[in-house]
Amino acid sequence: MSLYYVQKLLYQLNRDPIVRKRFAADRDELLGEYSLTDEERTAIEDGDIGLLYVMGVNGQILMHYSALIGQEWDEYINAMKQGVADHGAVRGGLYTLLEDRDG
Amino acid sequence: MSLVFAGVCSHAPGITGRAKRADPVVRDAFYARLHELRERLEAAKPDVLVIVAAEHFANFFMNNMPAYCMGLADEYEGPIEDEDWLAIRRTVVPGNAGLARRIITGMLADIDLSYAEEWKFDHGIMVPLNFLTPRYDLPVIPVNVNCQGPPLTTLERAYEFGRVLRRACDAQPERIALVGTGGISHWPATPDSGVINEAWDRQFLDRFINNRRAELIAYTDEETLRDAGQGGFEIRTFLTVAGATEGATGELLFYAPIPIFAVGCTVAQMAVQ
């Protein structure tokens with residue numbers, strides 16, 4: 001169930017400057033408030049868009065987070081493609097229902 | 001007065017944020033039609049714009065996701081996104097809490113919706129406003145239909161929501177404009193961003209412009225996901241506008257796939273009878 005909390009944290013980072021300040025200044029305390037696996041925590045701290053996509057983070061949340069951390073558009077699209085290449089198919093969420101268009 | 005204007009347009013963030021990367025001929029033709037929609041909106045002399053959008057986790061999350069929500073505030077702010085990424089400066093947008101309260105109260109007699117006295121706009125509203133009310137001088141009442149996080153409201157209910165919205169608007173003394181914003185087929189925010197099913201889009205737009213309710217509500221979500229991507233769920237905003245203009249048809253001002261904008265870019269006006 002922790003995909004829910006990964007998305008909740010990113011959702012709050014995207015929309016709330018106060019949460020962004022805490023992420024910068026009190027990261028351990030902030031992340032401690034969410035139920036996250038070590039892999040999820042590392043992916044968030046590293047801004048690993050590819051792995052977060054594969055975990056199943058909703059793309060609308062992830063796209064805004066990518067913009068927040070300053071990725072260019074092509075870098076963002078390529079990060080998702082590389083994530084699938086490195087980690088395999090999307091594991092959870094809505095995108096598990098999409099067809100594999102790369103065959 | 002009553003409803004005095006109804007239209008739809010696309011809202012994809014690339015429309016503003018990646019403007020420089022699009023084919024300038026197609027892009028400028030699209031922008032010209034958006035400006036035409038603005039001129040038609042202004043000619044209707046509305047007191048307020050009700051904008052039916054499919055927001056993208058700017059306000060609503062899976063801890064408490066409303067199927068339908070209307071804004072009940074005197075001002076809003078947006079965009080939540082990075083300003084340079086969206087190429088829209090953060091601003092305050094005027095609302096109209098008094099009118100929103102009357103519309104919501106009227107609608108609750110026939111359909112359930114939630115309300116929000118606090119609301120931050122994302123690209124789903126800010127991109128249309130950037131073209132339709134670029135001075136942010138027309139009060140806005142935002143409406144959200146959950147199109148992002150299933151389970152979703154049915155298409156039949158989205159159409160019915162439009163009917164009920166229309167009745168509530170027609171009971172008010174103000175002149176009310178309605179704009180729905182969403183994508184048709186698209187796979188936004190995935191590695192398949194830029195894929196567009198033009199044939200599906202054109203069939204949908206034919207059904208929409210001619211307001212053929214039975215055909216509009218006939219899509220199953222499984223079919224939409226397969227043929228139009230998860231972004232296709234946003235047709236709910238179009239169905240609400242169709243419901244609000246039931247019995248009338250419309251005019252397609254523009255449609256063209258613009259892959260770098262990640263959507264088939266659409267501008268249309270529906271007649272208001």
# chains A, B, ... in the order shown; residues from 1 in each chain; ligands from 1

$ residues_around --residues "A:Gly70" --least-positions-apart "3" --cutoff "12 Å" --atoms "only C-alpha atoms" --output "PDB file with N, CA and C atoms, in the first residue's frame"
ATOM      1  N   GLY A  47      15.177  11.738  -6.858  1.00  0.00           N
ATOM      2  CA  GLY A  47      14.399  12.256  -7.988  1.00  0.00           C
ATOM      3  C   GLY A  47      14.412  11.282  -9.163  1.00  0.00           C
ATOM      4  N   ILE A  49      12.814   9.597 -11.539  1.00  0.00           N
ATOM      5  CA  ILE A  49      11.514   9.623 -12.214  1.00  0.00           C
ATOM      6  C   ILE A  49      11.201   8.272 -12.865  1.00  0.00           C
ATOM      7  N   MET A  63       4.587  14.039 -13.481  1.00  0.00           N
ATOM      8  CA  MET A  63       4.946  15.100 -14.437  1.00  0.00           C
ATOM      9  C   MET A  63       5.153  16.428 -13.703  1.00  0.00           C
ATOM     10  N   HIS A  64       4.275  16.721 -12.765  1.00  0.00           N
ATOM     11  CA  HIS A  64       4.442  17.964 -12.007  1.00  0.00           C
ATOM     12  C   HIS A  64       5.691  17.901 -11.123  1.00  0.00           C
ATOM     13  N   TYR A  65       5.978  16.716 -10.606  1.00  0.00           N
ATOM     14  CA  TYR A  65       7.173  16.580  -9.772  1.00  0.00           C
ATOM     15  C   TYR A  65       8.441  16.730 -10.612  1.00  0.00           C
ATOM     16  N   SER A  66       8.405  16.181 -11.808  1.00  0.00           N
ATOM     17  CA  SER A  66       9.536  16.337 -12.736  1.00  0.00           C
ATOM     18  C   SER A  66       9.797  17.819 -13.022  1.00  0.00           C
ATOM     19  N   ALA A  67       8.714  18.559 -13.231  1.00  0.00           N
ATOM     20  CA  ALA A  67       8.870  20.006 -13.473  1.00  0.00           C
ATOM     21  C   ALA A  67       9.421  20.702 -12.235  1.00  0.00           C
ATOM     22  N   TRP A  73      11.721  18.619 -20.747  1.00  0.00           N
ATOM     23  CA  TRP A  73      10.697  17.690 -21.212  1.00  0.00           C
ATOM     24  C   TRP A  73      11.300  16.385 -21.734  1.00  0.00           C
ATOM     25  N   ASP A  74      12.284  16.474 -22.602  1.00  0.00           N
ATOM     26  CA  ASP A  74      12.856  15.253 -23.183  1.00  0.00           C
ATOM     27  C   ASP A  74      13.533  14.396 -22.111  1.00  0.00           C
ATOM     28  N   GLU A  75      14.164  15.063 -21.161  1.00  0.00           N
ATOM     29  CA  GLU A  75      14.813  14.351 -20.055  1.00  0.00           C
ATOM     30  C   GLU A  75      13.784  13.557 -19.248  1.00  0.00           C
ATOM     31  N   TYR A  76      12.633  14.173 -19.062  1.00  0.00           N
ATOM     32  CA  TYR A  76      11.545  13.548 -18.303  1.00  0.00           C
ATOM     33  C   TYR A  76      10.982  12.329 -19.048  1.00  0.00           C
TER      34      TYR A  76
ATOM     35  N   GLU B  81       1.985  24.564 -10.925  1.00  0.00           N
ATOM     36  CA  GLU B  81       3.196  24.060 -11.571  1.00  0.00           C
ATOM     37  C   GLU B  81       4.290  25.128 -11.616  1.00  0.00           C
ATOM     38  N   ASP B  82       5.489  24.670 -11.841  1.00  0.00           N
ATOM     39  CA  ASP B  82       6.616  25.574 -12.064  1.00  0.00           C
ATOM     40  C   ASP B  82       6.240  26.567 -13.168  1.00  0.00           C
ATOM     41  N   GLU B  83       6.419  27.851 -12.887  1.00  0.00           N
ATOM     42  CA  GLU B  83       5.940  28.877 -13.823  1.00  0.00           C
ATOM     43  C   GLU B  83       6.653  28.818 -15.169  1.00  0.00           C
ATOM     44  N   ASP B  84       7.935  28.553 -15.149  1.00  0.00           N
ATOM     45  CA  ASP B  84       8.679  28.498 -16.407  1.00  0.00           C
ATOM     46  C   ASP B  84       8.318  27.250 -17.208  1.00  0.00           C
ATOM     47  N   TRP B  85       8.067  26.159 -16.501  1.00  0.00           N
ATOM     48  CA  TRP B  85       7.693  24.907 -17.175  1.00  0.00           C
ATOM     49  C   TRP B  85       6.381  25.078 -17.935  1.00  0.00           C
ATOM     50  N   LEU B  86       5.415  25.774 -17.295  1.00  0.00           N
ATOM     51  CA  LEU B  86       4.107  25.976 -17.931  1.00  0.00           C
ATOM     52  C   LEU B  86       4.072  27.252 -18.766  1.00  0.00           C
TER      53      LEU B  86
END

$ closest_atom_pairs --of "chain B" --to "chain A" --cutoff "7 Å" --atoms "only C-alpha atoms" --output "Markdown table"
| residue | atom | partner | partner_atom | distance |
| --- | --- | --- | --- | --- |
| B:His56 | CA | A:Gln60 | CA | 5.7 |
| B:Phe57 | CA | A:Ile61 | CA | 6.4 |
| B:Ala58 | CA | A:Arg15 | CA | 6.1 |
| B:Ile80 | CA | A:Arg15 | CA | 5.6 |
| B:Glu81 | CA | A:His64 | CA | 6.2 |
| B:Asp82 | CA | A:Leu68 | CA | 5.9 |
| B:Trp85 | CA | A:Ala67 | CA | 6.3 |
| B:Ala189 | CA | A:Gly59 | CA | 4.6 |
| B:Thr190 | CA | A:Gly59 | CA | 6.2 |
| B:Pro191 | CA | A:Ile77 | CA | 5.7 |
| B:Leu225 | CA | A:Leu98 | CA | 7.0 |

$ residues_around --residues "stretch 30-33 of chain A" --least-positions-apart "2" --cutoff "10 Å" --atoms "only C-alpha atoms" --output "PyMOL selection string"
chain A and resi 5-6+9+19-20+22-28+35-36+41+44-45

$ write_last_selection --atoms "N, CA and C atoms" --output "PDB file, in the first residue's frame"
ATOM      1  N   TYR A   5       1.349   6.285  -0.327  1.00  0.00           N
ATOM      2  CA  TYR A   5       2.064   7.324   0.422  1.00  0.00           C
ATOM      3  C   TYR A   5       3.152   8.001  -0.423  1.00  0.00           C
ATOM      4  N   VAL A   6       3.750   7.256  -1.339  1.00  0.00           N
ATOM      5  CA  VAL A   6       4.683   7.897  -2.282  1.00  0.00           C
ATOM      6  C   VAL A   6       3.946   8.993  -3.046  1.00  0.00           C
ATOM      7  N   LEU A   9       2.979  12.032  -0.796  1.00  0.00           N
ATOM      8  CA  LEU A   9       4.093  12.948  -0.544  1.00  0.00           C
ATOM      9  C   LEU A   9       4.375  13.807  -1.778  1.00  0.00           C
ATOM     10  N   VAL A  19       5.488  22.328   2.439  1.00  0.00           N
ATOM     11  CA  VAL A  19       6.018  20.952   2.393  1.00  0.00           C
ATOM     12  C   VAL A  19       7.357  20.943   1.650  1.00  0.00           C
ATOM     13  N   ARG A  20       7.475  21.772   0.627  1.00  0.00           N
ATOM     14  CA  ARG A  20       8.758  21.851  -0.098  1.00  0.00           C
ATOM     15  C   ARG A  20       9.867  22.375   0.817  1.00  0.00           C
ATOM     16  N   ARG A  22      10.014  22.035   4.060  1.00  0.00           N
ATOM     17  CA  ARG A  22      10.350  20.960   4.999  1.00  0.00           C
ATOM     18  C   ARG A  22      11.191  19.888   4.311  1.00  0.00           C
ATOM     19  N   PHE A  23      10.897  19.619   3.047  1.00  0.00           N
ATOM     20  CA  PHE A  23      11.665  18.614   2.288  1.00  0.00           C
ATOM     21  C   PHE A  23      13.121  19.057   2.181  1.00  0.00           C
ATOM     22  N   ALA A  24      13.327  20.370   2.051  1.00  0.00           N
ATOM     23  CA  ALA A  24      14.693  20.886   1.937  1.00  0.00           C
ATOM     24  C   ALA A  24      15.381  20.956   3.302  1.00  0.00           C
ATOM     25  N   ALA A  25      14.639  21.346   4.332  1.00  0.00           N
ATOM     26  CA  ALA A  25      15.273  21.656   5.620  1.00  0.00           C
ATOM     27  C   ALA A  25      15.174  20.520   6.638  1.00  0.00           C
ATOM     28  N   ASP A  26      14.066  19.780   6.633  1.00  0.00           N
ATOM     29  CA  ASP A  26      13.827  18.733   7.645  1.00  0.00           C
ATOM     30  C   ASP A  26      13.405  17.441   6.967  1.00  0.00           C
ATOM     31  N   ARG A  27      14.207  16.986   6.028  1.00  0.00           N
ATOM     32  CA  ARG A  27      13.770  15.887   5.175  1.00  0.00           C
ATOM     33  C   ARG A  27      13.470  14.617   5.970  1.00  0.00           C
ATOM     34  N   ASP A  28      14.334  14.248   6.897  1.00  0.00           N
ATOM     35  CA  ASP A  28      14.112  13.008   7.634  1.00  0.00           C
ATOM     36  C   ASP A  28      12.801  13.052   8.415  1.00  0.00           C
ATOM     37  N   SER A  35       4.560   6.307   5.181  1.00  0.00           N
ATOM     38  CA  SER A  35       4.936   4.899   5.219  1.00  0.00           C
ATOM     39  C   SER A  35       5.623   4.545   3.900  1.00  0.00           C
ATOM     40  N   LEU A  36       6.955   4.530   3.910  1.00  0.00           N
ATOM     41  CA  LEU A  36       7.715   4.321   2.674  1.00  0.00           C
ATOM     42  C   LEU A  36       8.703   3.180   2.853  1.00  0.00           C
ATOM     43  N   ARG A  41      11.819   5.510  -0.664  1.00  0.00           N
ATOM     44  CA  ARG A  41      12.466   6.675  -0.073  1.00  0.00           C
ATOM     45  C   ARG A  41      13.669   7.111  -0.915  1.00  0.00           C
ATOM     46  N   ILE A  44      12.588   8.754  -4.184  1.00  0.00           N
ATOM     47  CA  ILE A  44      12.117  10.132  -3.984  1.00  0.00           C
ATOM     48  C   ILE A  44      13.317  11.054  -3.754  1.00  0.00           C
ATOM     49  N   GLU A  45      14.244  10.632  -2.899  1.00  0.00           N
ATOM     50  CA  GLU A  45      15.395  11.492  -2.575  1.00  0.00           C
ATOM     51  C   GLU A  45      16.274  11.721  -3.799  1.00  0.00           C
TER      52      GLU A  45
END

$ select_by_dssp --residues "chain A" --states "alpha helix (DSSP H)" --output "VMD selection string"
chain A and resid 2 to 15 17 to 25 27 to 31 38 to 46 49 to 55 59 to 68 73 to 87

$ closest_residue --among "A:Ala43, A:Asp38, A:Lys21, A:Gly88" --to "A:Val57" --atoms "only C-alpha atoms"
A:Ala43

$ residues_around --residues "B:Ala53" --least-positions-apart "6" --cutoff "9 Å" --atoms "only C-alpha atoms" --output "CSV table (one decimal) with C-alpha atoms, in the first residue's frame"
chain,number,residue,atom,x,y,z
B,11,HIS,CA,-5.8,22.3,-21.8
B,124,GLY,CA,-6.2,22.1,-16.7
B,125,ILE,CA,-7.7,25.5,-15.9
B,142,PRO,CA,-14.2,26.0,-11.2
B,143,VAL,CA,-15.8,22.6,-11.4
B,144,ASN,CA,-13.8,19.4,-11.3
B,145,VAL,CA,-14.9,16.0,-12.6
B,146,ASN,CA,-12.5,13.3,-11.4
B,179,VAL,CA,-16.3,26.0,-20.9
B,180,GLY,CA,-15.3,22.4,-20.6
B,181,THR,CA,-11.6,21.5,-20.9
B,182,GLY,CA,-10.0,18.2,-21.5
B,234,GLU,CA,-11.3,13.4,-19.7
B,237,THR,CA,-15.8,17.3,-19.3

$ atom_distance --atom1 "atom CA of B:Glu156" --atom2 "atom CA of B:Ile217"
5.5 Å

$ atom_distance --atom1 "atom CA of B:Ala67" --atom2 "atom CA of B:Thr153"
5.9 Å

$ closest_residue --among "B:Gly71, B:Gly264, B:Pro259, B:Gly17" --to "B:Arg101" --atoms "only C-alpha atoms"
B:Gly71

$ closest_residue --among "B:Ala87, B:Ala171, B:Ile260, B:Val272" --to "B:Pro24" --atoms "only C-alpha atoms"
B:Ile260

$ atom_distance --atom1 "atom CA of B:Arg33" --atom2 "atom CA of B:Leu253"
6.3 Å

$ residues_around --residues "A:Glu40" --least-positions-apart "6" --cutoff "10 Å" --atoms "only C-alpha atoms" --output "PDB file with C-alpha atoms, in the first residue's frame"
ATOM      1  CA  SER A   2       2.922   2.372   0.244  1.00  0.00           C
ATOM      2  CA  LEU A   3       2.500   3.492  -3.384  1.00  0.00           C
ATOM      3  CA  TYR A   5       2.064   7.324   0.422  1.00  0.00           C
ATOM      4  CA  VAL A   6       4.683   7.897  -2.282  1.00  0.00           C
ATOM      5  CA  ASP A  46      17.204  10.815  -5.847  1.00  0.00           C
ATOM      6  CA  ASP A  48      14.423   8.918  -9.868  1.00  0.00           C
ATOM      7  CA  LEU A  51      11.726   4.159 -11.004  1.00  0.00           C
ATOM      8  CA  LEU A  52       8.842   6.200  -9.592  1.00  0.00           C
ATOM      9  CA  MET A  55       6.386   1.848  -9.160  1.00  0.00           C
TER      10      MET A  55
END
